[in-house]
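A.B. asks: Got a file for you: upload_35.pdb, PDB, C-alpha atoms, pLDDT in the B column.
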ATOM      1  CA  MET B   1      97.138 120.151 -81.335  1.00 66.00           C
ATOM      2  CA  THR B   2      97.325 123.889 -80.634  1.00 78.00           C
ATOM      3  CA  ALA B   3      94.077 125.838 -80.891  1.00 92.00           C
ATOM      4  CA  THR B   4      93.825 128.324 -83.757  1.00 95.00           C
ATOM      5  CA  LEU B   5      91.419 131.075 -84.714  1.00 97.00           C
ATOM      6  CA  PRO B   6      88.734 130.630 -87.369  1.00 97.00           C
ATOM      7  CA  SER B   7      89.551 132.488 -90.586  1.00 97.00           C
ATOM      8  CA  TRP B   8      86.727 135.027 -90.086  1.00 98.00           C
ATOM      9  CA  MET B   9      88.168 136.000 -86.704  1.00 98.00           C
ATOM     10  CA  ARG B  10      91.719 136.298 -88.066  1.00 98.00           C
ATOM     11  CA  ASN B  11      90.404 138.489 -90.880  1.00 98.00           C
ATOM     12  CA  ALA B  12      88.567 140.679 -88.343  1.00 98.00           C
ATOM     13  CA  LEU B  13      91.772 141.014 -86.314  1.00 98.00           C
ATOM     14  CA  PHE B  14      93.816 141.964 -89.382  1.00 98.00           C
ATOM     15  CA  ALA B  15      91.167 144.531 -90.385  1.00 98.00           C
ATOM     16  CA  THR B  16      90.893 146.121 -86.961  1.00 98.00           C
ATOM     17  CA  ALA B  17      94.699 146.162 -86.679  1.00 98.00           C
ATOM     18  CA  ALA B  18      94.842 148.283 -89.829  1.00 98.00           C
ATOM     19  CA  MET B  19      91.987 150.468 -88.594  1.00 98.00           C
ATOM     20  CA  ASN B  20      93.626 151.057 -85.202  1.00 98.00           C
ATOM     21  CA  LEU B  21      97.067 151.771 -86.624  1.00 98.00           C
ATOM     22  CA  LEU B  22      95.590 154.369 -88.982  1.00 97.00           C
ATOM     23  CA  ALA B  23      93.411 155.802 -86.204  1.00 97.00           C
ATOM     24  CA  ALA B  24      96.484 156.139 -83.975  1.00 97.00           C
ATOM     25  CA  ILE B  25      97.999 158.472 -86.558  1.00 97.00           C
ATOM     26  CA  GLY B  26      94.730 160.417 -86.571  1.00 96.00           C
ATOM     27  CA  PHE B  27      95.010 161.019 -82.838  1.00 96.00           C
ATOM     28  CA  LEU B  28      98.486 162.534 -83.046  1.00 97.00           C
ATOM     29  CA  PRO B  29      98.564 166.285 -82.315  1.00 96.00           C
ATOM     30  CA  PHE B  30      99.231 167.335 -85.934  1.00 95.00           C
ATOM     31  CA  ALA B  31      96.155 165.483 -87.262  1.00 95.00           C
ATOM     32  CA  GLY B  32      93.417 167.858 -86.087  1.00 94.00           C
ATOM     33  CA  GLY B  33      91.846 167.933 -89.554  1.00 93.00           C
ATOM     34  CA  VAL B  34      91.473 164.147 -89.527  1.00 94.00           C
ATOM     35  CA  ARG B  35      89.759 164.226 -86.141  1.00 94.00           C
ATOM     36  CA  ALA B  36      87.419 166.981 -87.326  1.00 94.00           C
ATOM     37  CA  LEU B  37      86.413 164.826 -90.309  1.00 93.00           C
ATOM     38  CA  ALA B  38      85.432 162.082 -87.857  1.00 94.00           C
ATOM     39  CA  GLY B  39      83.361 164.465 -85.729  1.00 94.00           C
ATOM     40  CA  LEU B  40      85.914 164.554 -82.921  1.00 93.00           C
ATOM     41  CA  PRO B  41      87.361 167.700 -81.356  1.00 91.00           C
ATOM     42  CA  PRO B  42      90.234 168.814 -83.580  1.00 89.00           C
ATOM     43  CA  SER B  43      92.534 169.978 -80.787  1.00 90.00           C
ATOM     44  CA  GLU B  44      93.483 169.171 -77.239  1.00 90.00           C
ATOM     45  CA  HIS B  45      96.724 169.263 -75.299  1.00 94.00           C
ATOM     46  CA  ALA B  46      99.411 167.162 -76.993  1.00 95.00           C
ATOM     47  CA  VAL B  47      99.936 164.954 -73.937  1.00 97.00           C
ATOM     48  CA  TYR B  48      96.329 163.698 -74.102  1.00 96.00           C
ATOM     49  CA  LEU B  49      96.322 163.228 -77.858  1.00 97.00           C
ATOM     50  CA  THR B  50      99.662 161.432 -77.860  1.00 97.00           C
ATOM     51  CA  THR B  51      98.581 159.160 -75.007  1.00 97.00           C
ATOM     52  CA  VAL B  52      95.403 158.185 -76.868  1.00 97.00           C
ATOM     53  CA  ALA B  53      97.446 157.602 -80.039  1.00 97.00           C
ATOM     54  CA  LEU B  54      99.828 155.392 -78.058  1.00 98.00           C
ATOM     55  CA  PHE B  55      97.080 153.172 -76.663  1.00 97.00           C
ATOM     56  CA  VAL B  56      95.134 152.955 -79.923  1.00 98.00           C
ATOM     57  CA  GLY B  57      98.366 152.044 -81.722  1.00 98.00           C
ATOM     58  CA  LEU B  58      99.385 149.484 -79.102  1.00 98.00           C
ATOM     59  CA  PHE B  59      96.039 147.744 -79.424  1.00 98.00           C
ATOM     60  CA  GLY B  60      96.489 147.808 -83.198  1.00 98.00           C
ATOM     61  CA  LEU B  61      99.818 146.018 -82.806  1.00 98.00           C
ATOM     62  CA  GLY B  62      98.139 143.572 -80.428  1.00 98.00           C
ATOM     63  CA  TYR B  63      95.434 142.758 -82.989  1.00 98.00           C
ATOM     64  CA  LEU B  64      98.106 142.260 -85.629  1.00 98.00           C
ATOM     65  CA  TRP B  65     100.141 139.991 -83.355  1.00 98.00           C
ATOM     66  CA  VAL B  66      97.179 137.796 -82.402  1.00 98.00           C
ATOM     67  CA  ALA B  67      96.136 137.506 -86.065  1.00 98.00           C
ATOM     68  CA  ILE B  68      99.650 136.596 -87.232  1.00 98.00           C
ATOM     69  CA  ALA B  69     100.250 134.172 -84.351  1.00 97.00           C
ATOM     70  CA  ASN B  70      96.819 132.628 -85.042  1.00 97.00           C
ATOM     71  CA  ARG B  71      96.387 131.903 -81.343  1.00 95.00           C
ATOM     72  CA  PRO B  72      93.184 132.534 -79.423  1.00 94.00           C
ATOM     73  CA  GLU B  73      94.154 135.042 -76.739  1.00 96.00           C
ATOM     74  CA  ARG B  74      90.905 135.207 -74.756  1.00 97.00           C
ATOM     75  CA  LEU B  75      91.967 137.888 -72.277  1.00 98.00           C
ATOM     76  CA  PHE B  76      93.213 140.240 -74.998  1.00 98.00           C
ATOM     77  CA  ILE B  77      90.105 139.681 -77.115  1.00 98.00           C
ATOM     78  CA  THR B  78      87.864 140.228 -74.073  1.00 98.00           C
ATOM     79  CA  LEU B  79      89.599 143.516 -73.243  1.00 98.00           C
ATOM     80  CA  SER B  80      89.362 144.470 -76.915  1.00 98.00           C
ATOM     81  CA  ALA B  81      85.627 143.780 -77.068  1.00 98.00           C
ATOM     82  CA  VAL B  82      85.023 145.872 -73.951  1.00 98.00           C
ATOM     83  CA  GLY B  83      87.245 148.662 -75.277  1.00 98.00           C
ATOM     84  CA  LYS B  84      85.660 148.828 -78.723  1.00 98.00           C
ATOM     85  CA  ILE B  85      82.077 148.675 -77.479  1.00 98.00           C
ATOM     86  CA  GLY B  86      82.982 151.101 -74.685  1.00 98.00           C
ATOM     87  CA  PHE B  87      84.486 153.629 -77.114  1.00 98.00           C
ATOM     88  CA  PHE B  88      81.369 153.507 -79.294  1.00 98.00           C
ATOM     89  CA  THR B  89      79.182 153.896 -76.190  1.00 98.00           C
ATOM     90  CA  ILE B  90      81.173 156.971 -75.125  1.00 98.00           C
ATOM     91  CA  LEU B  91      80.691 158.525 -78.572  1.00 98.00           C
ATOM     92  CA  VAL B  92      76.934 157.887 -78.466  1.00 98.00           C
ATOM     93  CA  ALA B  93      76.624 159.253 -74.914  1.00 98.00           C
ATOM     94  CA  LEU B  94      78.531 162.420 -75.810  1.00 98.00           C
ATOM     95  CA  TRP B  95      76.421 162.862 -78.954  1.00 98.00           C
ATOM     96  CA  LEU B  96      73.229 162.464 -76.913  1.00 98.00           C
ATOM     97  CA  ALA B  97      74.584 165.020 -74.424  1.00 98.00           C
ATOM     98  CA  GLY B  98      75.186 167.453 -77.277  1.00 97.00           C
ATOM     99  CA  SER B  99      78.984 167.419 -76.954  1.00 97.00           C
ATOM    100  CA  LEU B 100      79.687 165.693 -80.282  1.00 97.00           C
ATOM    101  CA  PRO B 101      78.001 165.758 -83.683  1.00 97.00           C
ATOM    102  CA  VAL B 102      76.199 162.636 -84.909  1.00 97.00           C
ATOM    103  CA  LEU B 103      79.159 162.069 -87.228  1.00 97.00           C
ATOM    104  CA  ALA B 104      81.271 160.913 -84.264  1.00 97.00           C
ATOM    105  CA  PRO B 105      79.259 157.776 -83.386  1.00 98.00           C
ATOM    106  CA  LEU B 106      78.764 157.093 -87.092  1.00 97.00           C
ATOM    107  CA  ALA B 107      82.524 157.248 -87.630  1.00 96.00           C
ATOM    108  CA  GLY B 108      83.009 155.009 -84.591  1.00 96.00           C
ATOM    109  CA  ALA B 109      80.451 152.416 -85.676  1.00 98.00           C
ATOM    110  CA  ALA B 110      83.213 150.138 -86.982  1.00 98.00           C
ATOM    111  CA  ASP B 111      84.417 149.799 -83.390  1.00 98.00           C
ATOM    112  CA  LEU B 112      80.961 148.571 -82.408  1.00 98.00           C
ATOM    113  CA  VAL B 113      80.984 146.049 -85.259  1.00 98.00           C
ATOM    114  CA  PHE B 114      84.421 144.711 -84.327  1.00 98.00           C
ATOM    115  CA  GLY B 115      83.462 144.633 -80.644  1.00 98.00           C
ATOM    116  CA  LEU B 116      80.395 142.541 -81.463  1.00 98.00           C
ATOM    117  CA  ILE B 117      82.479 140.231 -83.663  1.00 98.00           C
ATOM    118  CA  PHE B 118      84.833 139.717 -80.717  1.00 98.00           C
ATOM    119  CA  VAL B 119      81.882 139.008 -78.390  1.00 98.00           C
ATOM    120  CA  ALA B 120      80.511 136.484 -80.904  1.00 98.00           C
ATOM    121  CA  TRP B 121      83.864 134.697 -80.961  1.00 98.00           C
ATOM    122  CA  LEU B 122      84.095 134.731 -77.176  1.00 98.00           C
ATOM    123  CA  LEU B 123      80.609 133.249 -76.809  1.00 97.00           C
ATOM    124  CA  GLY B 124      81.055 130.939 -79.776  1.00 92.00           C
TER     125      GLY B 124
END
As structure tokens, how would this structure be written, given the file I've shared?
C.D. replies:
Amino acid sequence: MTATLPSWMRNALFATAAMNLLAAIGFLPFAGGVRALAGLPPSEHAVYLTTVALFVGLFGLGYLWVAIANRPERLFITLSAVGKIGFFTILVALWLAGSLPVLAPLAGAADLVFGLIFVAWLLG
């Protein structure tokens, strides 16, 4: 029998897929107002913004694929946990350094939650 994901993990993957796909749009160069609402710098060179949007979107598609396939992809979920917790950590560090408003780590707290959900599944 092929291993499958528990329903709570599939639901988390579907939810973070939606979150990442929407966030990818928010990182596109034209979406400076969206970034400002999240406490992130509203503008930067288009090559950086588009690259971030690409990677955030690709991970969103990866979450969607793993959820639909209902297969436990440990390497992908491990990289995802590190990425989500790492992104939140970067936001907190930059807030503590005075480079970002407190809104940034608050807006990124969902990444921490999903990262911890992924860690729980990995350790589970």
A.B. asks: Run the PyMOL selection byres ((chain B and resi 28) around 8) against the file shown and list the residues it catches, as a list in words.
C.D. replies: Ala24, Ile25, Gly26, Phe27, Pro29, Phe30, Ala31, Gly32, Ala46, Leu49, Thr50 and Ala53 of chain B
A.B. asks: What lies within 7 Å of Pro42 in chain B using only C-alpha atoms, ignoring chain neighbours under 3 positions off, as a CSV table (one decimal) with C-alpha atoms, in the coordinates of the input?
C.D. replies:
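The new file part.csv reads:
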chain,number,residue,atom,x,y,z
B,32,GLY,CA,93.4,167.9,-86.1
B,33,GLY,CA,91.8,167.9,-89.6
B,35,ARG,CA,89.8,164.2,-86.1
B,36,ALA,CA,87.4,167.0,-87.3
A.B. asks: Identify all residues satisfying the PyMOL selection byres ((chain B and resi 99-103) around 12) in the given file; provide them as a list in words.
C.D. replies: Arg35, Ala36, Leu37, Ala38, Gly39, Leu40, Pro41, Pro42, Phe88, Ile90, Leu91, Val92, Ala93, Leu94, Trp95, Leu96, Ala97, Gly98, Ala104, Pro105, Leu106, Ala107, Gly108 and Ala109 of chain B
A.B. asks: So how far away is CA of Lys84 in chain B from CA of Asp111 in chain B, in Å?
C.D. replies: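 So the two atoms, CA of Asp111 in chain B and CA of Lys84 in chain B, lie 4.9 Å apart.
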A.B. asks: Could you check the closest approach to Ile85 in chain B for each of B:Ile117, B:Leu13, B:Glu44, B:Leu122 and tell me which residue wins, using only C-alpha atoms?
C.D. replies: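 So, comparing all the options, the nearest one is B:Ile117.
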A.B. asks: So what do you get for CA of Gly60 in chain B versus CA of Met9 in chain B, distance-wise?
C.D. replies: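 So the two atoms, CA of Gly60 in chain B and CA of Met9 in chain B, lie 14.9 Å apart.
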A.B. asks: Using the chain letters and residue numbers of this document, give as a short mmCIF file (atom, residue, chain, number, x, y, z; two decimals) with C-alpha atoms, in the frame of the given file the residues selected by the PyMOL selection byres ((chain B and resi 15) around 12).
C.D. replies:
data_model
loop_
_atom_site.label_atom_id
_atom_site.label_comp_id
_atom_site.auth_asym_id
_atom_site.auth_seq_id
_atom_site.Cartn_x
_atom_site.Cartn_y
_atom_site.Cartn_z
CA TRP B 8 86.73 135.03 -90.09
CA MET B 9 88.17 136.00 -86.70
CA ARG B 10 91.72 136.30 -88.07
CA ASN B 11 90.40 138.49 -90.88
CA ALA B 12 88.57 140.68 -88.34
CA LEU B 13 91.77 141.01 -86.31
CA PHE B 14 93.82 141.96 -89.38
CA THR B 16 90.89 146.12 -86.96
CA ALA B 17 94.70 146.16 -86.68
CA ALA B 18 94.84 148.28 -89.83
CA MET B 19 91.99 150.47 -88.59
CA ASN B 20 93.63 151.06 -85.20
CA LEU B 21 97.07 151.77 -86.62
CA LEU B 22 95.59 154.37 -88.98
CA GLY B 60 96.49 147.81 -83.20
CA LEU B 61 99.82 146.02 -82.81
CA TYR B 63 95.43 142.76 -82.99
CA LEU B 64 98.11 142.26 -85.63
CA ALA B 67 96.14 137.51 -86.06
CA ALA B 110 83.21 150.14 -86.98
CA ASP B 111 84.42 149.80 -83.39
CA VAL B 113 80.98 146.05 -85.26
CA PHE B 114 84.42 144.71 -84.33
CA ILE B 117 82.48 140.23 -83.66
#
A.B. asks: Using only C-alpha atoms, find the one residue out of B:Ala23, B:Val52, B:Ala3, B:Leu58 that sits nearest to Glu73 in chain B.
C.D. replies: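 Ranking B:Ala23, B:Val52, B:Ala3, B:Leu58 by distance to Glu73 in chain B, first place goes to B:Ala3.
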A.B. asks: Near Arg71 in chain B, counting only C-alpha atoms, which residues have an atom at most 9 Å away, once you skip same-chain residues fewer than 3 positions from it, shown as a CSV table (one decimal) with C-alpha atoms, in the coordinates of the input?
C.D. replies:
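Final file, out_32.csv:
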chain,number,residue,atom,x,y,z
B,2,THR,CA,97.3,123.9,-80.6
B,3,ALA,CA,94.1,125.8,-80.9
B,4,THR,CA,93.8,128.3,-83.8
B,5,LEU,CA,91.4,131.1,-84.7
B,66,VAL,CA,97.2,137.8,-82.4
B,67,ALA,CA,96.1,137.5,-86.1
B,68,ILE,CA,99.6,136.6,-87.2
